[in-house]
Amino acid sequence: MQRTAHEDSWLKASDFDTNGRTLTIDRVVQQEIAPETNKLVVFFKEEPKGLVLNEVNFRTIEKNTGESDTDNWKGYRITPYATSILVKGEPTPCIRVKFLVNTFAERVD
């Protein structure tokens with residue numbers, strides 16, 4: 001297990017606009033992001049910061065790649081983008097991921 005990384009190691013909604021930026025998955029690792037809190041983190045070829053996966057983004061990538069094993073996600077291109085969700089009735093910035101509309105996810109190894 002890697003040591004806890006600083007908060008600046010993770011992508012935030014403010015790192016993206018609503019169109020997002022298409023990135024190529026390099027690897028997915030389980031990492032301690034806070035004391036006693038481990039999460040899957042996606043790292044990209046084009047970006048030094050990692051994307052901490054929540055359930056929604058995990059399921060979106062899993063469904064669109066057809067791969068439930070994160071070891072097989074390398075080379076797939078996803079587009080993280082900024083949006084917001086309601087948390088306790090308040091809009092809260094978040095990151096969601098998307099794939100090109102009407103296309104199957106493809107690897108670009």
# chains A, B, ... in the order shown; residues from 1 in each chain; ligands from 1
>>> residues_around(residues="Gln30 (chain A)", least_positions_apart="3", cutoff="8 Å", atoms="only C-alpha atoms", output="VMD selection string")
chain A and resid 1 38 to 41
>>> residues_around(residues="Leu53 (chain A)", least_positions_apart="3", cutoff="12 Å", atoms="only C-alpha atoms", output="JSON, numbers by chain")
{"A": [10, 11, 12, 28, 29, 30, 31, 33, 38, 39, 40, 41, 42, 43, 50, 56, 57, 58, 59, 60, 61, 62, 70, 80, 94, 95, 96, 97]}
>>> select_by_dssp(residues="chain A", states="alpha helix (DSSP H)", output="list in words")
Glu55, Val56, Asn57, Phe58, Arg59, Thr60, Ile61, Glu62, Lys63, Asn64 and Thr65 of chain A
>>> closest_atom_pairs(of="region 31-91 of chain A", to="region 21-24 of chain A", cutoff="8 Å", atoms="only C-alpha atoms", output="tab-separated table")
residue	atom	partner	partner_atom	distance
A:Phe44	CA	A:Thr24	CA	5.4
A:Lys45	CA	A:Thr24	CA	5.7
A:Glu46	CA	A:Leu23	CA	6.3
A:Glu47	CA	A:Leu23	CA	7.7
A:Lys74	CA	A:Thr24	CA	7.6
A:Gly75	CA	A:Thr24	CA	5.7
A:Tyr76	CA	A:Thr24	CA	5.7
A:Arg77	CA	A:Thr24	CA	4.3
A:Ile78	CA	A:Thr22	CA	5.5
A:Thr79	CA	A:Thr22	CA	4.1
A:Pro80	CA	A:Arg21	CA	6.1
A:Tyr81	CA	A:Arg21	CA	6.7
>>> write_last_selection(atoms="N, CA and C atoms", output="compact mmCIF listing (two decimals), in the first residue's frame")
# COMPACT_ATOMS: atom_id res chain seq x y z
N PHE A 44 -3.66 8.65 -15.33
CA PHE A 44 -3.72 8.85 -16.77
C PHE A 44 -2.34 9.12 -17.35
N LYS A 45 -2.21 8.85 -18.64
CA LYS A 45 -0.95 9.11 -19.34
C LYS A 45 -0.68 10.61 -19.45
N GLU A 46 -1.73 11.42 -19.60
CA GLU A 46 -1.59 12.84 -19.88
C GLU A 46 -1.66 13.74 -18.64
N GLU A 47 -1.88 13.17 -17.46
CA GLU A 47 -2.18 13.97 -16.27
C GLU A 47 -1.49 13.35 -15.05
N LYS A 74 -6.53 -0.22 -18.74
CA LYS A 74 -5.40 0.51 -19.33
C LYS A 74 -5.62 0.69 -20.83
N GLY A 75 -5.39 1.93 -21.30
CA GLY A 75 -5.52 2.23 -22.71
C GLY A 75 -6.88 2.76 -23.12
N TYR A 76 -7.89 2.60 -22.28
CA TYR A 76 -9.20 3.16 -22.61
C TYR A 76 -9.17 4.67 -22.39
N ARG A 77 -9.90 5.39 -23.22
CA ARG A 77 -9.99 6.84 -23.11
C ARG A 77 -11.34 7.22 -22.52
N ILE A 78 -11.29 8.07 -21.51
CA ILE A 78 -12.51 8.57 -20.88
C ILE A 78 -12.43 10.09 -20.83
N THR A 79 -13.58 10.71 -20.64
CA THR A 79 -13.62 12.17 -20.55
C THR A 79 -14.21 12.58 -19.21
N PRO A 80 -13.35 12.87 -18.23
CA PRO A 80 -13.86 13.44 -16.97
C PRO A 80 -14.32 14.88 -17.22
N TYR A 81 -15.40 15.28 -16.58
CA TYR A 81 -15.92 16.64 -16.73
C TYR A 81 -16.51 17.11 -15.41
>>> select_by_dssp(residues="chain A", states="strand (DSSP E)", output="PyMOL selection string")
chain A and resi 23-34+37-44+51-52+77-87+90-98
>>> write_last_selection(atoms="N, CA and C atoms", output="tab-separated table (two decimals), in the first residue's frame")
chain	number	residue	atom	x	y	z
A	23	LEU	N	-8.85	11.75	-21.59
A	23	LEU	CA	-7.60	11.24	-21.05
A	23	LEU	C	-7.52	9.73	-21.25
A	24	THR	N	-6.30	9.23	-21.32
A	24	THR	CA	-6.06	7.79	-21.52
A	24	THR	C	-5.68	7.15	-20.19
A	25	ILE	N	-6.41	6.12	-19.80
A	25	ILE	CA	-6.12	5.43	-18.54
A	25	ILE	C	-4.77	4.74	-18.64
A	26	ASP	N	-3.92	5.00	-17.65
A	26	ASP	CA	-2.60	4.37	-17.57
A	26	ASP	C	-2.64	3.19	-16.61
A	27	ARG	N	-3.27	3.41	-15.45
A	27	ARG	CA	-3.36	2.35	-14.45
A	27	ARG	C	-4.43	2.70	-13.42
A	28	VAL	N	-4.88	1.68	-12.71
A	28	VAL	CA	-5.83	1.86	-11.62
A	28	VAL	C	-5.24	1.15	-10.41
A	29	VAL	N	-5.10	1.88	-9.30
A	29	VAL	CA	-4.51	1.30	-8.10
A	29	VAL	C	-5.40	1.59	-6.90
A	30	GLN	N	-5.33	0.72	-5.92
A	30	GLN	CA	-6.00	1.01	-4.66
A	30	GLN	C	-5.00	1.78	-3.81
A	31	GLN	N	-5.44	2.92	-3.30
A	31	GLN	CA	-4.53	3.80	-2.59
A	31	GLN	C	-5.21	4.38	-1.36
A	32	GLU	N	-4.44	4.59	-0.33
A	32	GLU	CA	-4.96	5.23	0.87
A	32	GLU	C	-5.05	6.73	0.58
A	33	ILE	N	-6.26	7.26	0.59
A	33	ILE	CA	-6.44	8.69	0.28
A	33	ILE	C	-6.63	9.53	1.53
A	34	ALA	N	-6.91	8.88	2.64
A	34	ALA	CA	-7.03	9.51	3.94
A	34	ALA	C	-6.75	8.41	4.96
A	37	THR	N	-8.71	5.10	4.89
A	37	THR	CA	-9.65	5.19	3.78
A	37	THR	C	-8.94	4.84	2.49
A	38	ASN	N	-9.25	3.67	1.95
A	38	ASN	CA	-8.66	3.22	0.69
A	38	ASN	C	-9.70	3.33	-0.41
A	39	LYS	N	-9.27	3.82	-1.55
A	39	LYS	CA	-10.14	3.96	-2.72
A	39	LYS	C	-9.37	3.57	-3.96
A	40	LEU	N	-10.09	3.20	-5.01
A	40	LEU	CA	-9.46	3.00	-6.30
A	40	LEU	C	-9.18	4.37	-6.90
A	41	VAL	N	-7.98	4.51	-7.48
A	41	VAL	CA	-7.57	5.77	-8.10
A	41	VAL	C	-7.13	5.47	-9.53
A	42	VAL	N	-7.68	6.22	-10.49
A	42	VAL	CA	-7.30	6.08	-11.89
A	42	VAL	C	-6.21	7.11	-12.19
A	43	PHE	N	-5.11	6.64	-12.78
A	43	PHE	CA	-4.05	7.53	-13.23
A	43	PHE	C	-4.02	7.52	-14.74
A	44	PHE	N	-3.66	8.65	-15.33
A	44	PHE	CA	-3.72	8.85	-16.77
A	44	PHE	C	-2.34	9.12	-17.35
A	51	LEU	N	-7.58	10.33	-10.42
A	51	LEU	CA	-9.01	10.50	-10.21
A	51	LEU	C	-9.48	9.45	-9.20
A	52	VAL	N	-9.87	9.90	-8.03
A	52	VAL	CA	-10.40	8.99	-7.02
A	52	VAL	C	-11.77	8.54	-7.50
A	77	ARG	N	-9.90	5.39	-23.22
A	77	ARG	CA	-9.99	6.84	-23.11
A	77	ARG	C	-11.34	7.22	-22.52
A	78	ILE	N	-11.29	8.07	-21.51
A	78	ILE	CA	-12.51	8.57	-20.88
A	78	ILE	C	-12.43	10.09	-20.83
A	79	THR	N	-13.58	10.71	-20.64
A	79	THR	CA	-13.62	12.17	-20.55
A	79	THR	C	-14.21	12.58	-19.21
A	80	PRO	N	-13.35	12.87	-18.23
A	80	PRO	CA	-13.86	13.44	-16.97
A	80	PRO	C	-14.32	14.88	-17.22
A	81	TYR	N	-15.40	15.28	-16.58
A	81	TYR	CA	-15.92	16.64	-16.73
A	81	TYR	C	-16.51	17.11	-15.41
A	82	ALA	N	-16.63	18.42	-15.28
A	82	ALA	CA	-17.18	19.02	-14.07
A	82	ALA	C	-18.69	19.14	-14.17
A	83	THR	N	-19.35	18.84	-13.08
A	83	THR	CA	-20.79	19.04	-12.96
A	83	THR	C	-21.08	19.25	-11.48
A	84	SER	N	-22.32	19.18	-11.09
A	84	SER	CA	-22.64	19.28	-9.67
A	84	SER	C	-23.77	18.32	-9.34
A	85	ILE	N	-23.82	17.96	-8.07
A	85	ILE	CA	-24.89	17.12	-7.54
A	85	ILE	C	-25.44	17.82	-6.30
A	86	LEU	N	-26.62	17.44	-5.89
A	86	LEU	CA	-27.18	17.99	-4.67
A	86	LEU	C	-26.75	17.15	-3.48
A	87	VAL	N	-26.15	17.80	-2.50
A	87	VAL	CA	-25.77	17.15	-1.25
A	87	VAL	C	-26.45	17.94	-0.14
A	90	GLU	N	-27.86	21.18	-1.29
A	90	GLU	CA	-26.94	22.20	-1.81
A	90	GLU	C	-26.19	21.68	-3.03
A	91	PRO	N	-26.07	22.48	-4.11
A	91	PRO	CA	-25.26	22.06	-5.25
A	91	PRO	C	-23.79	21.93	-4.83
A	92	THR	N	-23.21	20.80	-5.17
A	92	THR	CA	-21.82	20.51	-4.79
A	92	THR	C	-21.06	20.07	-6.03
A	93	PRO	N	-19.92	20.71	-6.33
A	93	PRO	CA	-19.15	20.33	-7.51
A	93	PRO	C	-18.67	18.88	-7.43
A	94	CYS	N	-18.65	18.22	-8.58
A	94	CYS	CA	-18.16	16.85	-8.64
A	94	CYS	C	-17.62	16.56	-10.04
A	95	ILE	N	-16.97	15.42	-10.17
A	95	ILE	CA	-16.48	14.96	-11.47
A	95	ILE	C	-17.29	13.75	-11.88
A	96	ARG	N	-17.71	13.72	-13.12
A	96	ARG	CA	-18.32	12.54	-13.73
A	96	ARG	C	-17.49	12.20	-14.95
A	97	VAL	N	-17.63	10.98	-15.45
A	97	VAL	CA	-16.90	10.58	-16.65
A	97	VAL	C	-17.88	10.17	-17.73
A	98	LYS	N	-17.45	10.39	-18.98
A	98	LYS	CA	-18.29	10.00	-20.11
A	98	LYS	C	-17.40	9.44	-21.21
>>> atom_distance(atom1="CA of Glu67 (chain A)", atom2="CA of Gly20 (chain A)")
22.6 Å
>>> closest_residue(among="A:Phe99, A:Pro35, A:Asp71, A:Glu55", to="Asn19 (chain A)", atoms="only C-alpha atoms")
A:Phe99
>>> decode(residues="region 30-65 of chain A", atoms="N, CA and C atoms", output="CSV table (one decimal), in the first residue's frame")
chain,number,residue,atom,x,y,z
A,30,GLN,N,-5.3,0.7,-5.9
A,30,GLN,CA,-6.0,1.0,-4.7
A,30,GLN,C,-5.0,1.8,-3.8
A,31,GLN,N,-5.4,2.9,-3.3
A,31,GLN,CA,-4.5,3.8,-2.6
A,31,GLN,C,-5.2,4.4,-1.4
A,32,GLU,N,-4.4,4.6,-0.3
A,32,GLU,CA,-5.0,5.2,0.9
A,32,GLU,C,-5.0,6.7,0.6
A,33,ILE,N,-6.3,7.3,0.6
A,33,ILE,CA,-6.4,8.7,0.3
A,33,ILE,C,-6.6,9.5,1.5
A,34,ALA,N,-6.9,8.9,2.6
A,34,ALA,CA,-7.0,9.5,3.9
A,34,ALA,C,-6.7,8.4,5.0
A,35,PRO,N,-6.4,8.8,6.2
A,35,PRO,CA,-6.2,7.7,7.2
A,35,PRO,C,-7.3,6.7,7.2
A,36,GLU,N,-6.9,5.4,7.0
A,36,GLU,CA,-7.9,4.3,7.0
A,36,GLU,C,-9.0,4.4,6.0
A,37,THR,N,-8.7,5.1,4.9
A,37,THR,CA,-9.7,5.2,3.8
A,37,THR,C,-8.9,4.8,2.5
A,38,ASN,N,-9.2,3.7,2.0
A,38,ASN,CA,-8.7,3.2,0.7
A,38,ASN,C,-9.7,3.3,-0.4
A,39,LYS,N,-9.3,3.8,-1.5
A,39,LYS,CA,-10.1,4.0,-2.7
A,39,LYS,C,-9.4,3.6,-4.0
A,40,LEU,N,-10.1,3.2,-5.0
A,40,LEU,CA,-9.5,3.0,-6.3
A,40,LEU,C,-9.2,4.4,-6.9
A,41,VAL,N,-8.0,4.5,-7.5
A,41,VAL,CA,-7.6,5.8,-8.1
A,41,VAL,C,-7.1,5.5,-9.5
A,42,VAL,N,-7.7,6.2,-10.5
A,42,VAL,CA,-7.3,6.1,-11.9
A,42,VAL,C,-6.2,7.1,-12.2
A,43,PHE,N,-5.1,6.6,-12.8
A,43,PHE,CA,-4.0,7.5,-13.2
A,43,PHE,C,-4.0,7.5,-14.7
A,44,PHE,N,-3.7,8.6,-15.3
A,44,PHE,CA,-3.7,8.8,-16.8
A,44,PHE,C,-2.3,9.1,-17.4
A,45,LYS,N,-2.2,8.8,-18.6
A,45,LYS,CA,-0.9,9.1,-19.3
A,45,LYS,C,-0.7,10.6,-19.4
A,46,GLU,N,-1.7,11.4,-19.6
A,46,GLU,CA,-1.6,12.8,-19.9
A,46,GLU,C,-1.7,13.7,-18.6
A,47,GLU,N,-1.9,13.2,-17.5
A,47,GLU,CA,-2.2,14.0,-16.3
A,47,GLU,C,-1.5,13.4,-15.1
A,48,PRO,N,-0.7,14.1,-14.3
A,48,PRO,CA,-0.1,13.6,-13.1
A,48,PRO,C,-1.0,13.3,-11.9
A,49,LYS,N,-2.1,14.0,-11.8
A,49,LYS,CA,-3.0,13.8,-10.7
A,49,LYS,C,-3.9,12.6,-11.0
A,50,GLY,N,-4.3,11.9,-10.0
A,50,GLY,CA,-5.2,10.7,-10.1
A,50,GLY,C,-6.7,11.1,-9.9
A,51,LEU,N,-7.6,10.3,-10.4
A,51,LEU,CA,-9.0,10.5,-10.2
A,51,LEU,C,-9.5,9.5,-9.2
A,52,VAL,N,-9.9,9.9,-8.0
A,52,VAL,CA,-10.4,9.0,-7.0
A,52,VAL,C,-11.8,8.5,-7.5
A,53,LEU,N,-12.0,7.2,-7.6
A,53,LEU,CA,-13.2,6.7,-8.1
A,53,LEU,C,-14.3,6.6,-7.1
A,54,ASN,N,-15.5,7.1,-7.4
A,54,ASN,CA,-16.6,6.9,-6.6
A,54,ASN,C,-17.4,5.8,-7.3
A,55,GLU,N,-18.5,5.3,-6.8
A,55,GLU,CA,-19.3,4.2,-7.3
A,55,GLU,C,-19.9,4.6,-8.7
A,56,VAL,N,-20.4,5.8,-8.9
A,56,VAL,CA,-21.0,6.2,-10.1
A,56,VAL,C,-19.9,6.2,-11.3
A,57,ASN,N,-18.7,6.7,-11.0
A,57,ASN,CA,-17.7,6.7,-12.1
A,57,ASN,C,-17.2,5.3,-12.3
A,58,PHE,N,-17.0,4.5,-11.3
A,58,PHE,CA,-16.6,3.2,-11.5
A,58,PHE,C,-17.6,2.4,-12.4
A,59,ARG,N,-18.8,2.5,-12.1
A,59,ARG,CA,-19.9,1.8,-12.9
A,59,ARG,C,-19.9,2.3,-14.3
A,60,THR,N,-19.8,3.6,-14.5
A,60,THR,CA,-19.8,4.2,-15.9
A,60,THR,C,-18.6,3.6,-16.7
A,61,ILE,N,-17.4,3.6,-16.1
A,61,ILE,CA,-16.3,3.0,-16.8
A,61,ILE,C,-16.4,1.5,-17.1
A,62,GLU,N,-16.9,0.8,-16.0
A,62,GLU,CA,-17.1,-0.6,-16.1
A,62,GLU,C,-18.1,-1.0,-17.3
A,63,LYS,N,-19.2,-0.3,-17.3
A,63,LYS,CA,-20.3,-0.5,-18.3
A,63,LYS,C,-19.8,-0.2,-19.7
A,64,ASN,N,-19.1,0.9,-19.9
A,64,ASN,CA,-18.7,1.3,-21.2
A,64,ASN,C,-17.5,0.6,-21.7
A,65,THR,N,-16.6,0.1,-20.9
A,65,THR,CA,-15.5,-0.7,-21.3
A,65,THR,C,-15.9,-2.2,-21.5
